[in-house]
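Step one of this worksheet: look at the structure below.
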Amino acid sequence: MTAQLTPHGAEKVRLRGLAALRTPAPAKATAVLVPGYTGSKEDFAPLLDGLADGGFRAVAIDLPGQFESPGPPDEEAYLPSALGAVVAGLISDIDGPVVLLGHSFGGLVARAAVLAGAPVAGLTLLDSGPGELPAGARRQALGAGEPVLRQSGLDEVYRVREQVSARSPLWATVPADLKNFLRLRFLASSPAGLLGMARGLRTEPDRVDELAASGVPTLVVAGELDDAWSVPCQREMAARLGAPFEVIPGAAHSPNTENPAALLRVLLAAWREWLA
């Protein structure tokens, strides 16, 4: 299991102050990839070379406050609408057609970017939802983590997080170098960013009708075992958008690391159709 440490041919760059991984040009279009809560550009490492081979220049970013991107101290700056404006600005600097993908919380941000006027040929919502995160273990973890973060800081939050992860037999199969990366990434996060994004996950309104009215072609993709927004919830969102809905087998909340080959096939087919 290499996941975020998957080797690739992308270079590390800064775009509007944001850390990014960018595959070499030329390409017929650019794919901008937005990670989820506590994520980073490396979450898309398994896709980068495949996207480049498929004719797309991939640009995977760290949102403000994530890993290697600095961010402001104001928690309000990390709500989806505010971050969407940042992503829209980045997209406006890119020449040629752009397809935009947002994973989980990044889907809420990517949607906000489109609603802010980002010039995109299409939007992919990957394991994201119509609004706030529904009741369940992930939402409970957000609520439990906030007071720990405010009172004790990032180190204590991650210590608790590792204790919870250790209850799963799968955690024992994660290589030491990947565990080290995940810890390093989390501890590099902005506390204000984590708090603001968590608030967004618990308060974001349903904006599906606004997105449908935008006319931007949309694709909704879910891992078959997603435990954040349920698969039926995402299927209903796709129906409201008049969008295709695809389920990735052998994946839960992160098909980009859990079954990237199947996800890549779905993405390339849809994106090529948008650009045809």
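In the structure tokens, each chain is lettered A, B, ... as it comes, each chain's residues begin at 1, and ligands are numbered from 1 in order of appearance.
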> If you count only C-alpha atoms, which residues fall within 9 Å of Val86 of chain A, apart from same-chain ones fewer than 6 positions away, as a PyMOL selection string?
Replying inline: chain A and resi 16+63-64+113
> Skipping near chain neighbours, those fewer than 4 positions away, what residues fall within 10 Å of segment 99-102 of chain A using only C-alpha atoms, listed as an NGL selection string?
Replying inline: :A and (29-36 or 56 or 58-60 or 87 or 91 or 106-111 or 113-114 or 118-128 or 217-220 or 267 or 271 or 274-275)
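Excluding Leu263 of chain A itself and any same-chain residue fewer than 2 positions from it, the protein and nucleic acid residues within 10 Å of it, counting only C-alpha atoms, are Leu47, Leu126, Val221, Ala222, Gly223, Glu246, Val247, Ile248, Pro249, Ala251, Ser254, Pro255, Asn256, Thr257, Glu258, Asn259, Pro260, Ala261, Arg265, Val266, Leu267 and Leu268 of chain A.
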Using only C-alpha atoms, which residues of segment 29-141 of chain A come within 12 Å of segment 146-155 of chain A, and what is the closest atom pair for each, with the distance in Å to one decimal? Give it as a Markdown table, sorted by chain and residue number.
| residue | atom | partner | partner_atom | distance |
| --- | --- | --- | --- | --- |
| A:Thr38 | CA | A:Leu154 | CA | 11.7 |
| A:Arg139 | CA | A:Glu146 | CA | 11.1 |
| A:Gln140 | CA | A:Glu146 | CA | 10.3 |
| A:Ala141 | CA | A:Glu146 | CA | 8.6 |
Take the residues that were just selected and, keeping N, CA, C and O atoms, output them as a PDB file, in the first residue's frame.
ATOM      1  N   THR A  38      -8.548  17.442   6.236  1.00  0.00           N
ATOM      2  CA  THR A  38      -7.271  16.871   6.687  1.00  0.00           C
ATOM      3  C   THR A  38      -6.474  16.254   5.543  1.00  0.00           C
ATOM      4  O   THR A  38      -5.473  15.577   5.777  1.00  0.00           O
ATOM      5  N   ARG A 139     -19.146  12.745  11.669  1.00  0.00           N
ATOM      6  CA  ARG A 139     -19.610  13.998  12.263  1.00  0.00           C
ATOM      7  C   ARG A 139     -19.353  13.998  13.773  1.00  0.00           C
ATOM      8  O   ARG A 139     -18.987  15.029  14.341  1.00  0.00           O
ATOM      9  N   GLN A 140     -19.549  12.872  14.417  1.00  0.00           N
ATOM     10  CA  GLN A 140     -19.275  12.780  15.850  1.00  0.00           C
ATOM     11  C   GLN A 140     -17.802  13.065  16.138  1.00  0.00           C
ATOM     12  O   GLN A 140     -17.463  13.731  17.123  1.00  0.00           O
ATOM     13  N   ALA A 141     -16.923  12.578  15.276  1.00  0.00           N
ATOM     14  CA  ALA A 141     -15.489  12.803  15.466  1.00  0.00           C
ATOM     15  C   ALA A 141     -15.146  14.287  15.361  1.00  0.00           C
ATOM     16  O   ALA A 141     -14.289  14.786  16.100  1.00  0.00           O
TER      17      ALA A 141
END
> What residues in segment 41-233 of chain A get the DSSP label alpha helix (DSSP H)? Please answer as JSON, numbers by chain.
Replying inline: {"A": [45, 46, 47, 48, 49, 50, 51, 52, 53, 80, 81, 82, 83, 84, 85, 86, 87, 88, 89, 90, 91, 92, 105, 106, 107, 108, 109, 110, 111, 112, 113, 114, 115, 137, 138, 139, 140, 141, 142, 143, 144, 145, 146, 147, 148, 149, 150, 151, 152, 154, 155, 156, 157, 158, 159, 160, 161, 162, 163, 164, 165, 176, 177, 178, 179, 180, 181, 182, 183, 184, 185, 186, 187, 191, 192, 193, 194, 195, 196, 197, 198, 199, 200, 201, 202, 203, 208, 209, 210, 211, 212, 213, 214, 231, 232, 233]}
>> I'd like the interatomic distance between atom CA of Ala176 of chain A and atom CA of Gln4 of chain A, to a tenth of an Å.
In response: 12.7 Å
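Take atom CA of Asp226 of chain A and atom CA of Ser104 of chain A: the distance between them is 10.3 Å.
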>> With DSSP run on the backbone, what are the strand (DSSP E or B) residues within segment 170-253 of chain A? I'd like them as a list in words.
In response: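 Taking segment 170-253 of chain A and keeping strand (DSSP E or B) gives Thr218, Leu219, Val220, Val221, Ala222, Gly223, Phe245, Glu246, Val247 and Ile248 of chain A.
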Dump of all heavy atoms for the selected residues, as a compact mmCIF listing (two decimals), in the first residue's frame:
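File produced: again.txt:
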# COMPACT_ATOMS: atom_id res chain seq x y z
N THR A 218 -21.89 17.95 -14.76
CA THR A 218 -21.45 17.42 -13.48
C THR A 218 -21.48 15.90 -13.50
O THR A 218 -22.32 15.29 -14.15
CB THR A 218 -22.35 17.95 -12.35
OG1 THR A 218 -22.36 19.38 -12.38
CG2 THR A 218 -21.84 17.52 -10.98
N LEU A 219 -20.53 15.31 -12.78
CA LEU A 219 -20.45 13.87 -12.57
C LEU A 219 -20.37 13.63 -11.07
O LEU A 219 -19.63 14.32 -10.36
CB LEU A 219 -19.20 13.31 -13.25
CG LEU A 219 -18.79 11.87 -12.91
CD1 LEU A 219 -19.80 10.87 -13.45
CD2 LEU A 219 -17.39 11.57 -13.44
N VAL A 220 -21.14 12.67 -10.56
CA VAL A 220 -21.09 12.30 -9.15
C VAL A 220 -20.54 10.89 -9.05
O VAL A 220 -21.03 9.98 -9.72
CB VAL A 220 -22.49 12.39 -8.49
CG1 VAL A 220 -22.42 11.96 -7.03
CG2 VAL A 220 -23.03 13.81 -8.61
N VAL A 221 -19.52 10.71 -8.21
CA VAL A 221 -18.85 9.42 -8.06
C VAL A 221 -18.76 9.09 -6.57
O VAL A 221 -18.40 9.96 -5.76
CB VAL A 221 -17.44 9.43 -8.67
CG1 VAL A 221 -16.81 8.05 -8.57
CG2 VAL A 221 -17.46 9.91 -10.11
N ALA A 222 -19.06 7.85 -6.21
CA ALA A 222 -19.00 7.42 -4.82
C ALA A 222 -18.32 6.06 -4.71
O ALA A 222 -18.51 5.19 -5.58
CB ALA A 222 -20.41 7.32 -4.22
N GLY A 223 -17.55 5.89 -3.67
CA GLY A 223 -17.08 4.55 -3.33
C GLY A 223 -18.25 3.71 -2.84
O GLY A 223 -19.14 4.22 -2.16
N PHE A 245 -24.18 9.08 -12.41
CA PHE A 245 -23.74 8.63 -11.09
C PHE A 245 -22.98 7.33 -11.26
O PHE A 245 -23.47 6.38 -11.87
CB PHE A 245 -24.93 8.43 -10.16
CG PHE A 245 -24.57 7.93 -8.79
CD1 PHE A 245 -23.80 8.70 -7.94
CD2 PHE A 245 -24.99 6.68 -8.37
CE1 PHE A 245 -23.46 8.24 -6.67
CE2 PHE A 245 -24.66 6.22 -7.09
CZ PHE A 245 -23.89 7.01 -6.25
N GLU A 246 -21.75 7.30 -10.71
CA GLU A 246 -20.91 6.11 -10.83
C GLU A 246 -20.49 5.64 -9.45
O GLU A 246 -20.17 6.45 -8.58
CB GLU A 246 -19.65 6.42 -11.66
CG GLU A 246 -19.93 6.84 -13.09
CD GLU A 246 -20.32 5.67 -13.99
OE1 GLU A 246 -20.19 4.50 -13.54
OE2 GLU A 246 -20.73 5.91 -15.13
N VAL A 247 -20.48 4.33 -9.26
CA VAL A 247 -20.04 3.73 -8.01
C VAL A 247 -18.73 2.98 -8.26
O VAL A 247 -18.64 2.20 -9.21
CB VAL A 247 -21.10 2.78 -7.44
CG1 VAL A 247 -20.57 2.05 -6.21
CG2 VAL A 247 -22.37 3.54 -7.10
N ILE A 248 -17.74 3.23 -7.42
CA ILE A 248 -16.43 2.59 -7.58
C ILE A 248 -16.37 1.38 -6.65
O ILE A 248 -16.45 1.52 -5.43
CB ILE A 248 -15.29 3.57 -7.23
CG1 ILE A 248 -15.40 4.84 -8.08
CG2 ILE A 248 -13.94 2.89 -7.44
CD1 ILE A 248 -15.33 4.62 -9.58
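For the pair atom CA of His103 of chain A and atom CA of Tyr37 of chain A, the interatomic distance is 8.9 Å.
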> Of the candidates A:Pro232, A:Gln163, A:Leu48, A:Ala112, which shows the shortest atom-to-atom distance to Ser214 of chain A, using only C-alpha atoms?
Replying inline: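 Closest residue, counting only C-alpha atoms: A:Ala112.
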>> Can you tell me which residues surround Val13 of chain A at a distance of at most 12 Å, considering only C-alpha atoms, apart from same-chain residues fewer than 6 positions away, and format the answer as a ChimeraX atom specification?
In response: /A:19-24,41,59-62,68-69
